[in-house]
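Asks: Just passing along the structure, written as structure tokens.
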Amino acid sequence: MSKRPTILVTNDDGIHSPGLKALAGALEEVGELSIIAPDRERSAAGHSLTLHKPLRATEIAPRWYVVDGTPTDCVTLGVMGVLKERPRLVVSGINLGANLGDDITYSGTVSAAVEGTLLGIPAIAISAVEPSQHGLATAAAFAVRLALAVLERGLPRDTLLNVNVPAGEVRGVAVTRQGKRSYNELIVEKMDPRGKTYYWIGGGEPTWELLGGTDYEAVMEGKISITPLHLDLTNYAAAEALKGWETLLA
Ligand code: MN
């Protein structure tokens, strides 16, 4: 009998998120899970790592650990410290809301998967555009199918999968590229009761550039979007175009 694969499950909405519970509940059938998640919501934590305070990982139920740190801390602590066995897969989510286009650079959900990739473990980030009970159940069922496929086939080097599950009925699966958001009306400026100005980031409804083949386009069409993300951020065409600068700046 072959051994069930070990899977590290994490998120950025915190240990009590219904998205994490839906994901863990579904992935039970795929492998042996260890759930390591932040003690509270850390959405938009990006890829931050806690270096200036000690961290604790408390086992609150068998194989459920809560960490007083970021999603990235959870994956690092899990792989390097808490777990006796190196996981064969990292799955992060199910995020309560989309992680599309440029927003993924802020995303704690995606960053936890990035950390898995940096540690050489195949990783998936999964988000539900509509985080209703139905939306989470749809995303959880898809996470099972995708996890099985990744465990069987592996992923290209330095690559993680960013998955977004659309609202409503699913009309297929699309492998996509990262979309582009237009950042207008991002800051809300108001006056507090004492007459001082304050700002709130992320006030307006986001708008998106209408580009073909993107994650945004796929979820708008009701498709599950799978964007393979690469950790090498080098713009190779630009590196070629800027070659002349070497002599210019020497
Ligand atoms: Mn989140």
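All residue names refer to the structure tokens as shown: chains lettered A, B, ... in order, residues numbered from 1 in each chain, ligands numbered from 1 in order.
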What does the list of residues within 6 Å of ligand 1 look like if you count only C-alpha atoms and all ligand atoms, written as a VMD selection string?
Replies: chain A and resid 12 to 13 43 95 to 96
Asks: Enumerate, as a ChimeraX atom specification, the complete set of residues in segment 7-240 of chain A that a backbone-based DSSP assignment places in alpha helix (DSSP H).
Replies: /A:18-27,71-77,108-118,133-153,215-220,236-240
Asks: Report, in Å to a single decimal, how far apart atom CA of Ile124 of chain A and atom CA of Leu146 of chain A are.
Replies: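 Interatomic distance here is 8.6 Å.
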Asks: Which residues are near segment 20-30 of chain A? Cut-off 6 Å, only C-alpha atoms, ignore same chain within fewer than 4 positions. Put them as a PyMOL selection string.
Replies: chain A and resi 93-94+140+144
Asks: Using only C-alpha atoms, determine which residues lie at most 9 Å from Ala98 of chain A, disregarding the query and same-chain residues fewer than 2 positions distant; provide the list as a ChimeraX atom specification.
Replies: /A:95-96,100,103,126-131,164-166
Asks: Rank nothing, just name the residue among A:Cys74, A:Leu249, A:Val163, A:Val173 nearest to Gly97 of chain A, using only C-alpha atoms.
Replies: A:Val163
Asks: For atom CA of Val91 of chain A and atom CA of Leu55 of chain A, quote the distance in Å rounded to one decimal.
Replies: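 Answer for the atom CA of Val91 of chain A to atom CA of Leu55 of chain A separation: 21.5 Å.
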Asks: Could you jot down the atom CA of Leu160 of chain A to atom CA of Thr176 of chain A separation for me, Å, one decimal place?
Replies: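 Pair atom CA of Leu160 of chain A / atom CA of Thr176 of chain A returns 12.9 Å.
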Asks: Find the spatial neighbours of Thr207 of chain A, counting only C-alpha atoms, within a cut-off of 8 Å - ignore same-chain residues fewer than 6 positions away - and output them as a PDB file with N, CA, C and O atoms, in the first residue's frame.
Replies:
```
ATOM      1  N   ARG A 181      -4.711  45.621 -13.334  1.00  0.00           N
ATOM      2  CA  ARG A 181      -5.719  46.423 -12.662  1.00  0.00           C
ATOM      3  C   ARG A 181      -5.441  47.905 -12.872  1.00  0.00           C
ATOM      4  O   ARG A 181      -4.294  48.312 -12.934  1.00  0.00           O
ATOM      5  N   SER A 182      -6.500  48.697 -12.986  1.00  0.00           N
ATOM      6  CA  SER A 182      -6.326  50.146 -13.052  1.00  0.00           C
ATOM      7  C   SER A 182      -6.539  50.691 -11.653  1.00  0.00           C
ATOM      8  O   SER A 182      -7.597  50.509 -11.064  1.00  0.00           O
ATOM      9  N   TYR A 183      -5.546  51.379 -11.138  1.00  0.00           N
ATOM     10  CA  TYR A 183      -5.625  51.858  -9.755  1.00  0.00           C
ATOM     11  C   TYR A 183      -6.196  53.274  -9.696  1.00  0.00           C
ATOM     12  O   TYR A 183      -5.485  54.227  -9.463  1.00  0.00           O
ATOM     13  N   ASN A 184      -7.500  53.368  -9.904  1.00  0.00           N
ATOM     14  CA  ASN A 184      -8.108  54.683  -9.714  1.00  0.00           C
ATOM     15  C   ASN A 184      -9.017  54.634  -8.487  1.00  0.00           C
ATOM     16  O   ASN A 184      -9.535  53.590  -8.128  1.00  0.00           O
TER      17      ASN A 184
END
```
